[in-house]
file coords04.txt (compact mmCIF, C-alpha atoms and all ligand atoms)
# COMPACT_ATOMS: atom_id res chain seq x y z
CA MET X 1 -10.91 24.65 -9.25
CA GLU X 2 -13.12 23.26 -6.49
CA TYR X 3 -11.42 22.31 -3.24
CA VAL X 4 -12.45 20.53 -0.09
CA LYS X 5 -10.76 20.64 3.30
CA VAL X 6 -9.33 17.48 4.91
CA VAL X 7 -7.25 16.74 7.98
CA GLU X 8 -4.41 14.21 7.86
CA GLY X 9 -2.16 13.79 10.89
CA ARG X 10 -1.65 17.31 12.26
CA ALA X 11 -2.09 18.95 8.84
CA HIS X 12 -5.14 20.82 7.54
CA LEU X 13 -5.22 20.66 3.76
CA LEU X 14 -7.12 21.86 0.76
CA ILE X 15 -7.35 19.13 -1.87
CA PRO X 16 -9.23 18.95 -5.20
CA ASN X 17 -12.80 17.79 -4.58
CA PRO X 18 -12.54 13.97 -4.97
CA ASP X 19 -16.21 13.70 -6.00
CA LEU X 20 -15.30 15.32 -9.33
CA PHE X 21 -12.76 12.59 -10.17
CA ARG X 22 -14.56 9.32 -9.58
CA ARG X 23 -14.74 6.39 -11.99
CA SER X 24 -18.15 5.05 -13.04
CA ASP X 25 -17.90 2.53 -10.15
CA GLY X 26 -17.49 5.45 -7.71
CA VAL X 27 -13.79 4.88 -6.97
CA TYR X 28 -11.73 8.08 -6.68
CA GLU X 29 -8.85 8.35 -9.22
CA PRO X 30 -6.30 10.77 -7.71
CA SER X 31 -4.29 10.96 -10.93
CA TRP X 32 -7.30 12.51 -12.74
CA ALA X 33 -7.34 15.49 -10.37
CA PRO X 34 -5.41 18.67 -11.28
CA VAL X 35 -3.27 18.17 -8.17
CA PHE X 36 -2.45 14.74 -6.76
CA TYR X 37 -3.64 13.66 -3.31
CA ASN X 38 -4.23 9.99 -2.53
CA PRO X 39 -5.92 9.29 0.82
CA ARG X 40 -5.00 5.60 0.40
CA ALA X 41 -1.33 6.54 0.89
CA SER X 42 -1.93 8.00 4.37
CA LEU X 43 -0.27 4.99 6.04
CA ASN X 44 2.79 5.58 3.85
CA ARG X 45 2.88 9.17 5.12
CA ASP X 46 2.25 8.15 8.76
CA LEU X 47 5.10 5.66 8.44
CA SER X 48 7.32 8.32 6.87
CA VAL X 49 6.54 10.87 9.60
CA VAL X 50 7.42 8.51 12.45
CA THR X 51 10.50 7.10 10.71
CA PHE X 52 11.80 10.58 9.92
CA ALA X 53 11.23 11.59 13.55
CA LYS X 54 13.17 8.55 14.77
CA LEU X 55 16.05 9.16 12.34
CA GLY X 56 16.97 12.40 14.11
CA GLU X 57 16.88 10.80 17.54
CA PHE X 58 18.58 7.52 16.52
CA TYR X 59 21.44 9.11 14.59
CA GLY X 60 21.78 12.20 16.81
CA ILE X 61 20.87 14.79 14.18
CA SER X 62 19.48 17.95 15.71
CA SER X 63 18.55 19.91 12.59
CA PHE X 64 17.15 18.83 9.23
CA ASN X 65 17.19 20.59 5.91
CA ALA X 66 14.84 18.37 3.96
CA ALA X 67 13.22 18.26 0.53
CA ASP X 68 9.92 16.79 -0.65
CA VAL X 69 10.72 17.04 -4.34
CA LEU X 70 7.47 15.57 -5.76
CA ALA X 71 5.11 17.23 -3.33
CA GLY X 72 1.61 17.17 -4.90
CA VAL X 73 -0.67 19.15 -2.55
CA GLY X 74 2.26 19.32 -0.11
CA VAL X 75 0.80 16.92 2.44
CA ARG X 76 4.04 15.03 3.09
CA GLY X 77 6.36 18.02 3.52
CA ILE X 78 3.74 19.88 5.56
CA ARG X 79 3.27 16.91 7.85
CA TYR X 80 7.04 16.65 8.29
CA ILE X 81 7.19 20.29 9.40
CA LEU X 82 4.28 19.84 11.81
CA GLU X 83 5.01 16.37 13.15
CA VAL X 84 8.78 15.77 12.95
CA PRO X 85 10.92 17.62 15.51
CA ASN X 86 14.00 19.54 14.38
CA ILE X 87 12.99 20.56 10.85
CA ASN X 88 14.97 23.69 10.11
CA ASN X 89 13.81 24.09 6.52
CA MET X 90 11.60 22.02 4.24
CA ILE X 91 11.73 22.40 0.48
CA LEU X 92 8.45 21.58 -1.26
CA ASN X 93 8.65 21.21 -5.00
CA ASP X 94 6.41 20.14 -7.84
CA ILE X 95 6.59 20.60 -11.59
CA ASN X 96 2.86 21.34 -11.76
CA GLN X 97 1.92 25.01 -11.28
CA ASN X 98 -1.50 24.08 -9.84
CA ALA X 99 0.31 22.00 -7.21
CA VAL X 100 2.65 24.86 -6.33
CA THR X 101 -0.27 27.28 -5.89
CA LEU X 102 -2.01 24.78 -3.62
CA ILE X 103 1.17 24.02 -1.63
CA LYS X 104 1.49 27.75 -0.84
CA GLU X 105 -2.14 27.93 0.30
CA ASN X 106 -1.72 24.83 2.42
CA LEU X 107 1.47 26.14 4.06
CA ALA X 108 -0.31 29.40 4.89
CA MET X 109 -3.35 27.57 6.27
CA ASN X 110 -1.06 25.68 8.68
CA GLY X 111 0.88 28.82 9.58
CA ILE X 112 4.29 27.37 8.67
CA ASN X 113 5.50 29.50 5.72
CA ASP X 114 8.61 30.42 7.70
CA LYS X 115 9.79 26.80 7.74
CA ALA X 116 9.30 26.13 4.02
CA SER X 117 10.73 27.06 0.62
CA VAL X 118 8.52 26.35 -2.38
CA TYR X 119 9.76 25.67 -5.91
CA ARG X 120 8.19 24.89 -9.23
CA SER X 121 10.84 22.85 -11.00
CA ASP X 122 11.70 19.53 -12.49
CA ALA X 123 12.87 17.57 -9.44
CA ASN X 124 16.18 16.54 -11.02
CA ALA X 125 16.99 20.08 -12.13
CA LEU X 126 16.19 21.37 -8.64
CA LEU X 127 18.28 18.75 -6.84
CA TYR X 128 21.33 19.43 -9.03
CA ARG X 129 20.81 23.19 -8.63
CA LEU X 130 20.70 22.80 -4.84
CA LYS X 131 23.89 20.72 -5.00
CA GLU X 132 25.55 23.35 -7.14
CA GLY X 133 24.48 26.00 -4.60
CA ARG X 134 26.04 23.85 -1.84
CA VAL X 135 22.73 23.49 -0.01
CA LYS X 136 23.24 20.69 2.49
CA LEU X 137 20.20 18.43 2.35
CA ASN X 138 20.12 15.75 4.99
CA TYR X 139 16.76 14.22 4.04
CA VAL X 140 15.29 13.83 0.54
CA ASP X 141 11.86 12.35 -0.08
CA VAL X 142 11.03 10.84 -3.47
CA ASP X 143 7.38 9.87 -3.84
CA PRO X 144 6.71 9.60 -7.57
CA TYR X 145 4.07 8.20 -9.87
CA GLY X 146 5.33 4.66 -10.53
CA THR X 147 9.08 4.23 -10.55
CA PRO X 148 11.57 6.43 -8.64
CA VAL X 149 14.38 5.51 -11.07
CA PRO X 150 14.57 8.93 -12.82
CA PHE X 151 15.16 10.67 -9.48
CA ILE X 152 17.68 8.34 -7.80
CA PRO X 153 21.01 9.69 -9.16
CA SER X 154 20.11 13.33 -8.44
CA SER X 155 18.86 12.45 -4.94
CA LEU X 156 22.01 10.48 -4.15
CA SER X 157 24.16 13.32 -5.47
CA SER X 158 22.46 16.03 -3.43
CA ILE X 159 22.16 14.29 -0.05
CA THR X 160 24.90 15.37 2.30
CA ARG X 161 27.16 12.86 4.11
CA GLY X 162 25.19 10.87 6.67
CA GLY X 163 21.86 12.11 5.27
CA PHE X 164 18.79 10.07 4.42
CA LEU X 165 16.69 9.08 1.44
CA GLY X 166 13.04 8.06 1.74
CA VAL X 167 11.72 6.57 -1.47
CA THR X 168 8.43 5.13 -2.71
CA ALA X 169 7.90 2.87 -5.74
CA THR X 170 4.44 1.91 -7.01
CA ASP X 171 5.55 -0.02 -10.11
CA ILE X 172 4.97 -3.28 -8.26
CA ALA X 173 4.54 -5.54 -11.29
CA PRO X 174 7.89 -4.67 -12.97
CA LEU X 175 9.84 -4.64 -9.69
CA SER X 176 8.47 -7.95 -8.49
CA GLY X 177 9.07 -9.81 -11.75
CA VAL X 178 5.43 -10.05 -12.81
CA LYS X 179 6.18 -7.73 -15.76
CA GLN X 180 9.69 -9.10 -15.99
CA PHE X 181 10.80 -7.38 -19.18
CA ALA X 182 9.77 -3.93 -17.96
CA GLY X 183 11.43 -4.68 -14.62
CA SER X 184 14.66 -6.00 -16.19
CA ARG X 185 14.98 -2.98 -18.44
CA ARG X 186 14.13 -0.37 -15.81
CA TYR X 187 16.20 -1.78 -12.94
CA ASP X 188 18.98 -3.46 -14.96
CA VAL X 189 18.38 -6.91 -13.45
CA MET X 190 17.50 -10.44 -14.44
CA LEU X 191 13.99 -11.24 -13.28
CA THR X 192 11.50 -14.04 -13.35
CA ARG X 193 8.19 -14.80 -11.66
CA THR X 194 8.54 -16.35 -8.21
CA ASP X 195 6.26 -17.17 -5.29
CA PHE X 196 8.07 -14.52 -3.19
CA LYS X 197 7.55 -11.64 -5.60
CA TYR X 198 7.14 -8.82 -3.04
CA GLU X 199 10.46 -9.70 -1.48
CA VAL X 200 12.00 -9.64 -4.95
CA GLY X 201 10.54 -6.17 -5.57
CA LEU X 202 11.88 -4.66 -2.37
CA ARG X 203 15.33 -6.18 -2.93
CA VAL X 204 15.52 -5.18 -6.58
CA LEU X 205 14.71 -1.58 -5.64
CA LEU X 206 17.26 -1.50 -2.81
CA GLY X 207 19.90 -3.21 -4.96
CA TYR X 208 19.31 -0.66 -7.72
CA ILE X 209 19.75 2.30 -5.34
CA ALA X 210 22.89 0.67 -3.89
CA ARG X 211 24.42 0.26 -7.35
CA ARG X 212 23.65 3.88 -8.28
CA ALA X 213 25.24 4.98 -4.98
CA ALA X 214 28.32 2.87 -5.68
CA GLU X 215 28.78 4.63 -9.03
CA LEU X 216 29.22 7.84 -7.03
CA ASP X 217 31.66 6.24 -4.53
CA LYS X 218 28.82 6.39 -2.02
CA TYR X 219 27.28 3.65 0.05
CA LEU X 220 24.00 3.14 1.81
CA GLU X 221 22.86 1.54 5.03
CA PRO X 222 19.27 0.30 4.81
CA ILE X 223 17.14 1.25 7.79
CA LEU X 224 13.63 0.10 6.92
CA GLY X 225 11.95 -1.57 3.93
CA VAL X 226 8.18 -1.93 3.63
CA PHE X 227 5.66 -3.30 1.18
CA HIS X 228 2.12 -2.18 1.84
CA ASP X 229 -1.09 -1.93 -0.18
CA HIS X 230 0.22 -0.70 -3.55
CA TYR X 231 3.75 0.52 -2.87
CA PHE X 232 7.27 -0.24 -1.69
CA ARG X 233 8.84 2.24 0.70
CA LEU X 234 12.52 2.33 1.68
CA PHE X 235 14.55 4.46 4.09
CA VAL X 236 18.33 4.42 3.73
CA ARG X 237 21.28 6.38 5.10
CA ILE X 238 23.80 7.63 2.56
CA ASP X 239 27.49 8.32 3.04
CA ARG X 240 30.62 8.60 0.93
CA SER X 241 33.55 6.18 0.96
CA ALA X 242 34.90 4.19 -1.97
CA SER X 243 36.08 1.35 0.27
CA LYS X 244 32.77 1.09 2.16
CA SER X 245 30.93 1.26 -1.14
CA HIS X 246 32.99 -1.68 -2.38
CA LYS X 247 32.29 -3.57 0.86
CA MET X 248 28.55 -2.86 0.55
CA ILE X 249 28.46 -4.28 -2.95
CA SER X 250 30.52 -7.38 -2.22
CA GLU X 251 28.66 -8.25 1.00
CA ASN X 252 25.07 -7.29 0.17
CA LEU X 253 24.56 -7.49 -3.57
CA GLY X 254 23.95 -10.91 -4.98
CA TYR X 255 21.66 -13.28 -6.82
CA ILE X 256 18.83 -15.63 -6.03
CA LEU X 257 18.65 -19.03 -7.73
CA TYR X 258 15.10 -20.36 -8.01
CA CYS X 259 13.62 -23.62 -9.23
CA LYS X 260 10.17 -23.16 -10.74
CA ASN X 261 9.68 -26.90 -10.70
CA CYS X 262 10.12 -27.70 -6.99
CA LEU X 263 10.23 -24.13 -5.51
CA GLN X 264 13.77 -24.59 -4.17
CA ARG X 265 15.59 -21.29 -3.66
CA THR X 266 19.01 -20.18 -2.54
CA HIS X 267 21.12 -17.04 -2.71
CA ILE X 268 24.74 -16.32 -3.57
CA ASN X 269 26.93 -13.22 -3.52
CA ASP X 270 29.26 -14.16 -6.33
CA LEU X 271 28.01 -15.25 -9.73
CA ASN X 272 31.09 -17.42 -10.17
CA SER X 273 29.76 -19.73 -7.48
CA ALA X 274 26.43 -20.28 -9.27
CA ASN X 275 25.35 -23.85 -9.95
CA PHE X 276 22.29 -23.87 -12.15
CA ASN X 277 21.25 -27.47 -11.43
CA CYS X 278 18.57 -27.90 -8.81
CA LEU X 279 19.99 -30.32 -6.23
CA ARG X 280 16.47 -31.21 -5.15
CA CYS X 281 14.73 -32.13 -8.39
CA GLY X 282 17.44 -31.97 -11.07
CA GLY X 283 15.63 -29.09 -12.82
CA LYS X 284 17.25 -25.90 -14.09
CA LEU X 285 17.55 -23.00 -11.66
CA GLU X 286 16.60 -19.50 -12.78
CA LEU X 287 18.73 -16.50 -11.85
CA LEU X 288 17.40 -13.27 -10.34
CA GLY X 289 19.61 -10.26 -9.75
CA PRO X 290 21.75 -8.48 -9.00
CA LEU X 291 19.63 -7.57 -6.00
CA TRP X 292 20.11 -6.81 -2.31
CA VAL X 293 20.55 -10.12 -0.45
CA GLY X 294 21.80 -8.60 2.83
CA VAL X 295 19.88 -7.42 5.85
CA ILE X 296 17.28 -4.71 5.13
CA ASN X 297 15.81 -3.77 8.48
CA ASN X 298 17.71 -2.25 11.38
CA LYS X 299 16.05 -4.14 14.26
CA GLU X 300 17.32 -1.81 16.99
CA PHE X 301 15.93 1.15 15.05
CA LEU X 302 12.62 -0.69 14.69
CA ASN X 303 12.42 -1.46 18.42
CA GLN X 304 12.90 2.20 19.24
CA LEU X 305 10.54 3.26 16.46
CA ILE X 306 7.77 1.04 17.84
CA ASP X 307 8.20 2.62 21.29
CA LEU X 308 8.07 6.08 19.73
CA VAL X 309 4.87 5.29 17.81
CA LYS X 310 3.25 3.86 20.96
CA GLY X 311 4.17 6.99 22.89
CA ARG X 312 4.16 10.19 20.92
CA TYR X 313 2.13 9.20 17.83
CA ASN X 314 -1.06 7.66 19.16
CA TYR X 315 -3.10 10.35 17.33
CA LEU X 316 -2.28 8.86 13.91
CA GLY X 317 -5.20 7.67 11.80
CA ASN X 318 -3.41 4.37 11.10
CA HIS X 319 -1.94 3.92 14.59
CA ALA X 320 -2.94 0.28 15.18
CA ARG X 321 -2.18 -0.84 11.60
CA LEU X 322 1.18 0.89 11.68
CA LEU X 323 2.18 -0.77 14.94
CA LYS X 324 1.15 -4.18 13.62
CA LEU X 325 3.13 -3.63 10.41
CA LEU X 326 6.26 -2.48 12.25
CA SER X 327 6.07 -5.33 14.78
CA THR X 328 5.73 -7.92 12.02
CA ILE X 329 8.76 -6.47 10.22
CA ARG X 330 10.77 -6.41 13.45
CA ASP X 331 10.00 -10.09 14.09
CA GLU X 332 10.80 -11.30 10.55
CA VAL X 333 13.56 -13.85 10.12
CA GLU X 334 16.30 -12.26 7.99
CA VAL X 335 16.44 -14.32 4.80
CA PRO X 336 16.07 -12.83 1.32
CA TYR X 337 12.92 -14.77 0.38
CA TYR X 338 9.78 -16.22 1.87
CA TYR X 339 7.76 -19.36 1.20
CA ASP X 340 4.20 -18.81 0.11
CA LEU X 341 2.03 -21.45 1.74
CA THR X 342 -0.64 -21.13 -0.95
CA SER X 343 1.84 -21.93 -3.74
CA ILE X 344 3.44 -24.85 -1.93
CA ALA X 345 0.10 -26.31 -0.81
CA SER X 346 -1.23 -26.06 -4.35
CA SER X 347 1.88 -27.76 -5.80
CA LEU X 348 1.40 -30.54 -3.22
CA LYS X 349 -2.36 -30.61 -3.92
CA VAL X 350 -3.16 -30.29 -0.20
CA ASN X 351 -5.21 -27.75 1.77
CA ILE X 352 -3.48 -24.54 2.83
CA PRO X 353 -2.18 -25.20 6.35
CA LYS X 354 -2.51 -22.85 9.33
CA ILE X 355 0.43 -20.46 9.23
CA ASP X 356 1.09 -20.54 12.98
CA GLU X 357 1.14 -24.35 12.99
CA THR X 358 3.61 -24.40 10.10
CA ILE X 359 5.86 -21.92 11.91
CA GLU X 360 5.68 -24.05 15.05
CA CYS X 361 6.49 -27.19 13.06
CA LEU X 362 9.59 -25.54 11.55
CA GLU X 363 10.70 -24.27 14.96
CA ASN X 364 10.28 -27.76 16.41
CA MET X 365 12.61 -28.99 13.68
CA GLY X 366 15.23 -26.49 14.91
CA PHE X 367 14.77 -23.75 12.31
CA LYS X 368 13.96 -20.08 12.78
CA ALA X 369 10.60 -19.18 11.29
CA SER X 370 8.29 -16.15 11.26
CA ARG X 371 5.48 -14.49 9.41
CA THR X 372 6.34 -11.77 6.92
CA HIS X 373 4.64 -8.39 6.44
CA LEU X 374 5.00 -8.93 2.67
CA THR X 375 2.03 -11.30 2.40
CA PRO X 376 -0.35 -12.88 4.92
CA THR X 377 0.36 -16.37 3.50
CA GLY X 378 4.18 -16.12 3.60
CA ILE X 379 6.73 -17.66 5.96
CA LYS X 380 10.32 -16.55 6.35
CA THR X 381 12.54 -19.31 7.62
CA THR X 382 16.09 -20.57 7.74
CA ALA X 383 14.70 -23.96 6.62
CA GLY X 384 14.96 -25.22 3.05
CA VAL X 385 11.96 -26.10 0.92
CA GLU X 386 12.16 -29.80 1.98
CA ALA X 387 11.36 -28.95 5.63
CA VAL X 388 8.61 -26.51 4.62
CA VAL X 389 7.05 -29.19 2.40
CA GLU X 390 7.32 -31.72 5.22
CA CYS X 391 5.50 -29.38 7.63
CA ILE X 392 2.80 -28.56 5.09
CA ALA X 393 2.30 -32.21 4.16
CA LYS X 394 1.78 -33.01 7.86
C1 LIG T 1 2.61 10.65 -6.54
S1 LIG T 1 2.52 12.37 -6.67
C2 LIG T 1 3.20 12.95 -5.14
C3 LIG T 1 2.35 12.68 -3.97
C4 LIG T 1 2.82 13.32 -2.68
N1 LIG T 1 4.26 13.10 -2.42
C5 LIG T 1 1.97 12.80 -1.54
O1 LIG T 1 2.50 12.17 -0.58
O2 LIG T 1 0.76 13.03 -1.59
C6 LIG T 1 3.81 12.79 -7.79
C7 LIG T 1 3.96 14.27 -8.01
O3 LIG T 1 5.14 14.48 -8.77
C8 LIG T 1 4.94 15.57 -9.65
N2 LIG T 1 5.95 15.40 -10.72
C9 LIG T 1 5.95 14.50 -11.73
N3 LIG T 1 7.10 14.60 -12.45
C10 LIG T 1 7.83 15.56 -11.84
C11 LIG T 1 9.13 16.09 -12.09
N4 LIG T 1 9.89 15.64 -13.09
N5 LIG T 1 9.59 17.05 -11.27
C12 LIG T 1 8.83 17.52 -10.25
N6 LIG T 1 7.58 17.06 -9.97
C13 LIG T 1 7.10 16.08 -10.76
C14 LIG T 1 3.50 15.44 -10.08
O4 LIG T 1 3.00 16.70 -10.51
C15 LIG T 1 2.83 14.93 -8.79
O5 LIG T 1 2.31 16.00 -8.05
ZN ZN T 2 13.96 -28.14 -8.25
call {"tool": "encode", "arguments": {"input": "coords04.txt", "output": "structure tokens", "more": "lines below"}}
Ligand SMILES: C[S@@+](CC[C@H](N)C(=O)[O-])C[C@H]1O[C@@H](n2cnc3c(N)ncnc32)[C@H](O)[C@@H]1O
Ligand SMILES: [Zn+2]
result
Amino acid sequence: MEYVKVVEGRAHLLIPNPDLFRRSDGVYEPSWAPVFYNPRASLNRDLSVVTFAKLGEFYGISSFNAADVLAGVGVRGIRYILEVPNINNMILNDINQNAVTLIKENLAMNGINDKASVYRSDANALLYRLKEGRVKLNYVDVDPYGTPVPFIPSSLSSITRGGFLGVTATDIAPLSGVKQFAGSRRYDVMLTRTDFKYEVGLRVLLGYIARRAAELDKYLEPILGVFHDHYFRLFVRIDRSASKSHKMISENLGYILYCKNCLQRTHINDLNSANFNCLRCGGKLELLGPLWVGVINNKEFLNQLIDLVKGRYNYLGNHARLLKLLSTIRDEVEVPYYYDLTSIASSLKVNIPKIDETIECLENMGFKASRTHLTPTGIKTTAGVEAVVECIAK
């Protein structure tokens, strides 16, 4: 196999030569290579490094036993060892023997073999084996091809009390309701297409993980939820308590009712309170859920995270983009949907308005309003669709 050397963050890595796995249009296809490494996901890894680092400081955890169970060339786990303080031991695992060989070479190249344990195993088998061996994992990273669904129950089972799960999903179309049948089947939800599809995707994924946790008498506290480029990324804290699990479900799981005719939307916690008639246009409302309708982002964590990134992590390749992303998330109004100005303007047959002017208009009417990191044309607001339409029509 032919390798080339790259540097990402503080890590030096051998990766399969990307020039050998390019499509006819010249675009590199990481999944064609014998071991997976996607340079496009470097912001995901930068984000994960800084978030992991902040978790220890924010929650007062001085030592991490962590696992990167779908490790590819090992970039994520290696970066955690090099860039996150307080890693006691990092498990790097992949089912692919070529990956495992490369992970070992990459660990040696960075001089950190003493901090790592390498396995070649199915991730689920490994996680249950570690649980059986009473290994106390307080951070598990799941970064799969497509959906993380097959790895959620084993991850939730093996994370120790008060530990963390970092999870990526790249099956954007099913999660966000664009491929609604695949999404409904995979995540056990009712889905439909909306004009706030990325919000739907993030909340379906979080709601799914919460329901799997509840089955185990566990509960989660969301810390950070991100959509970027071609993936969703979530960080949650896991603990055990049947009563808190019940509280999590009753307070944060719910449904969104959506009118495709006039774009009205609302959310409810209890299906018994659903009224399927659109009060605005008389049309029939569509039901999405169950999904997470509660707060996703811990704003105090985000404030501290932003300070940390500004200070200690200014060497990151995506430093400016990461700060912009985190600041936008911090400033988002907490409602479980956004309004897409393009969709509303097109339904009104008017030009797309300036986003800042629309936000100002809503604020002048007494509502909270902000941009969203989920799409550049989205607005999150406490206002209903009538006020948004009024501002756009102006
Ligand atoms: C998207 S890649 C991981 C990328 C890596 N985390 C990164 O940040 O570059 C998914 C990896 O999971 C591995 N994999 C797929 N199914 C697996 C399974 N059941 N158990 C363990 N590894 C698996 C693949 O070989 C591949 O290396
Ligand atoms: Zn309606």
call {"tool": "atom_distance", "arguments": {"input": "coords04.txt", "atom1": "CA of Met365 (chain X)", "atom2": "CA of Arg193 (chain X)"}}
result
29.4 Å
call {"tool": "closest_atom_pairs", "arguments": {"input": "coords04.txt", "of": "chain X", "to": "ligand ZN 2 (chain T)", "cutoff": "7 Å", "atoms": "only C-alpha atoms and all ligand atoms", "output": "tab-separated table"}}
result
residue	atom	partner	partner_atom	distance
X:Cys259	CA	T:ZN2	ZN	4.6
X:Lys260	CA	T:ZN2	ZN	6.7
X:Asn261	CA	T:ZN2	ZN	5.1
X:Cys262	CA	T:ZN2	ZN	4.1
X:Leu263	CA	T:ZN2	ZN	6.1
X:Gln264	CA	T:ZN2	ZN	5.4
X:Cys278	CA	T:ZN2	ZN	4.7
X:Leu279	CA	T:ZN2	ZN	6.7
X:Arg280	CA	T:ZN2	ZN	5.0
X:Cys281	CA	T:ZN2	ZN	4.1
X:Gly282	CA	T:ZN2	ZN	5.9
X:Gly283	CA	T:ZN2	ZN	5.0
call {"tool": "axis_aligned_box", "arguments": {"input": "coords04.txt", "around": "region 315-322 of chain X", "padding_each_side": "4 Å", "output": "lines of an AutoDock Vina configuration file"}}
result
center_x = -2.0
center_y = 4.8
center_z = 14.2
size_x = 14.4
size_y = 19.2
size_z = 14.2
call {"tool": "closest_atom_pairs", "arguments": {"input": "coords04.txt", "of": "chain X", "to": "ligand LIG 1 (chain T)", "cutoff": "10 Å", "atoms": "only C-alpha atoms and all ligand atoms", "output": "tab-separated table"}}
result
residue	atom	partner	partner_atom	distance
X:Pro30	CA	T:LIG1	C1	9.0
X:Ser31	CA	T:LIG1	S1	8.2
X:Ala33	CA	T:LIG1	O5	9.9
X:Pro34	CA	T:LIG1	O4	8.7
X:Val35	CA	T:LIG1	O5	6.0
X:Phe36	CA	T:LIG1	O5	5.1
X:Tyr37	CA	T:LIG1	O2	4.8
X:Asn38	CA	T:LIG1	O2	5.9
X:Pro39	CA	T:LIG1	O2	8.0
X:Arg40	CA	T:LIG1	O2	9.6
X:Ala41	CA	T:LIG1	O1	7.0
X:Ser42	CA	T:LIG1	O1	7.8
X:Asn44	CA	T:LIG1	O1	7.9
X:Arg45	CA	T:LIG1	O1	6.5
X:Ser48	CA	T:LIG1	O1	9.7
X:Asp68	CA	T:LIG1	N1	7.0
X:Val69	CA	T:LIG1	C12	6.2
X:Leu70	CA	T:LIG1	O3	4.0
X:Ala71	CA	T:LIG1	N1	4.3
X:Gly72	CA	T:LIG1	O5	3.4
X:Val73	CA	T:LIG1	O2	6.4
X:Gly74	CA	T:LIG1	C4	6.6
X:Val75	CA	T:LIG1	O2	5.6
X:Arg76	CA	T:LIG1	O1	4.9
X:Gly77	CA	T:LIG1	N1	8.0
X:Ile78	CA	T:LIG1	O1	9.9
X:Arg79	CA	T:LIG1	O1	9.7
X:Leu92	CA	T:LIG1	N1	9.5
X:Asn93	CA	T:LIG1	C12	6.4
X:Asp94	CA	T:LIG1	N6	3.9
X:Ile95	CA	T:LIG1	N6	4.0
X:Asn96	CA	T:LIG1	O4	4.8
X:Gln97	CA	T:LIG1	O4	8.4
X:Asn98	CA	T:LIG1	O4	8.7
X:Ala99	CA	T:LIG1	O5	6.4
X:Val100	CA	T:LIG1	O5	9.0
X:Tyr119	CA	T:LIG1	C12	9.3
X:Arg120	CA	T:LIG1	C12	7.5
X:Ser121	CA	T:LIG1	C12	5.7
X:Asp122	CA	T:LIG1	N5	3.5
X:Ala123	CA	T:LIG1	N5	3.8
X:Asn124	CA	T:LIG1	N5	6.6
X:Ala125	CA	T:LIG1	N5	8.0
X:Leu126	CA	T:LIG1	N5	8.3
X:Leu127	CA	T:LIG1	N5	9.9
X:Asp141	CA	T:LIG1	N1	8.0
X:Val142	CA	T:LIG1	N1	7.2
X:Asp143	CA	T:LIG1	N1	4.7
X:Pro144	CA	T:LIG1	C6	4.3
X:Tyr145	CA	T:LIG1	C1	4.4
X:Gly146	CA	T:LIG1	C1	7.7
X:Thr147	CA	T:LIG1	C1	10.0
X:Pro150	CA	T:LIG1	N4	8.2
X:Phe151	CA	T:LIG1	N4	8.1
X:Val167	CA	T:LIG1	N1	10.0
X:Thr168	CA	T:LIG1	C1	8.9
X:Ala169	CA	T:LIG1	C1	9.4
X:Thr170	CA	T:LIG1	C1	8.9
call {"tool": "residues_around", "arguments": {"input": "coords04.txt", "residues": "Ser243 (chain X)", "least_positions_apart": "4", "cutoff": "9 Å", "atoms": "only C-alpha atoms", "output": "ChimeraX atom specification"}}
result
/X:217,247-248
call {"tool": "atom_distance", "arguments": {"input": "coords04.txt", "atom1": "CA of Phe64 (chain X)", "atom2": "CA of Arg240 (chain X)"}}
result
18.8 Å
call {"tool": "residues_around", "arguments": {"input": "coords04.txt", "residues": "Arg161 (chain X)", "least_positions_apart": "5", "cutoff": "8 Å", "atoms": "all atoms listed in the file", "output": "ChimeraX atom specification"}}
result
/X:138,238-240
call {"tool": "residues_around", "arguments": {"input": "coords04.txt", "residues": "Ile209 (chain X)", "least_positions_apart": "3", "cutoff": "10 Å", "atoms": "all atoms listed in the file", "output": "mmCIF file with C-alpha atoms, in the coordinates of the input"}}
result
data_model
loop_
_atom_site.group_PDB
_atom_site.id
_atom_site.type_symbol
_atom_site.label_atom_id
_atom_site.label_comp_id
_atom_site.auth_asym_id
_atom_site.auth_seq_id
_atom_site.Cartn_x
_atom_site.Cartn_y
_atom_site.Cartn_z
ATOM 1 C CA PRO X 148 11.570 6.430 -8.640
ATOM 2 C CA VAL X 149 14.380 5.510 -11.070
ATOM 3 C CA ILE X 152 17.680 8.340 -7.800
ATOM 4 C CA PRO X 153 21.010 9.690 -9.160
ATOM 5 C CA LEU X 156 22.010 10.480 -4.150
ATOM 6 C CA VAL X 167 11.720 6.570 -1.470
ATOM 7 C CA TYR X 187 16.200 -1.780 -12.940
ATOM 8 C CA ARG X 203 15.330 -6.180 -2.930
ATOM 9 C CA VAL X 204 15.520 -5.180 -6.580
ATOM 10 C CA LEU X 205 14.710 -1.580 -5.640
ATOM 11 C CA LEU X 206 17.260 -1.500 -2.810
ATOM 12 C CA ARG X 212 23.650 3.880 -8.280
ATOM 13 C CA ALA X 213 25.240 4.980 -4.980
ATOM 14 C CA ALA X 214 28.320 2.870 -5.680
ATOM 15 C CA TYR X 219 27.280 3.650 0.050
ATOM 16 C CA LEU X 220 24.000 3.140 1.810
ATOM 17 C CA VAL X 236 18.330 4.420 3.730
ATOM 18 C CA LEU X 291 19.630 -7.570 -6.000
ATOM 19 C CA TRP X 292 20.110 -6.810 -2.310
#
call {"tool": "atom_distance", "arguments": {"input": "coords04.txt", "atom1": "CA of Phe21 (chain X)", "atom2": "CA of Val6 (chain X)"}}
result
16.2 Å
call {"tool": "closest_residue", "arguments": {"input": "coords04.txt", "among": "X:Met190, X:Ile249, X:Ile159, X:Ile268", "to": "Gly289 (chain X)", "atoms": "all atoms listed in the file"}}
result
X:Met190
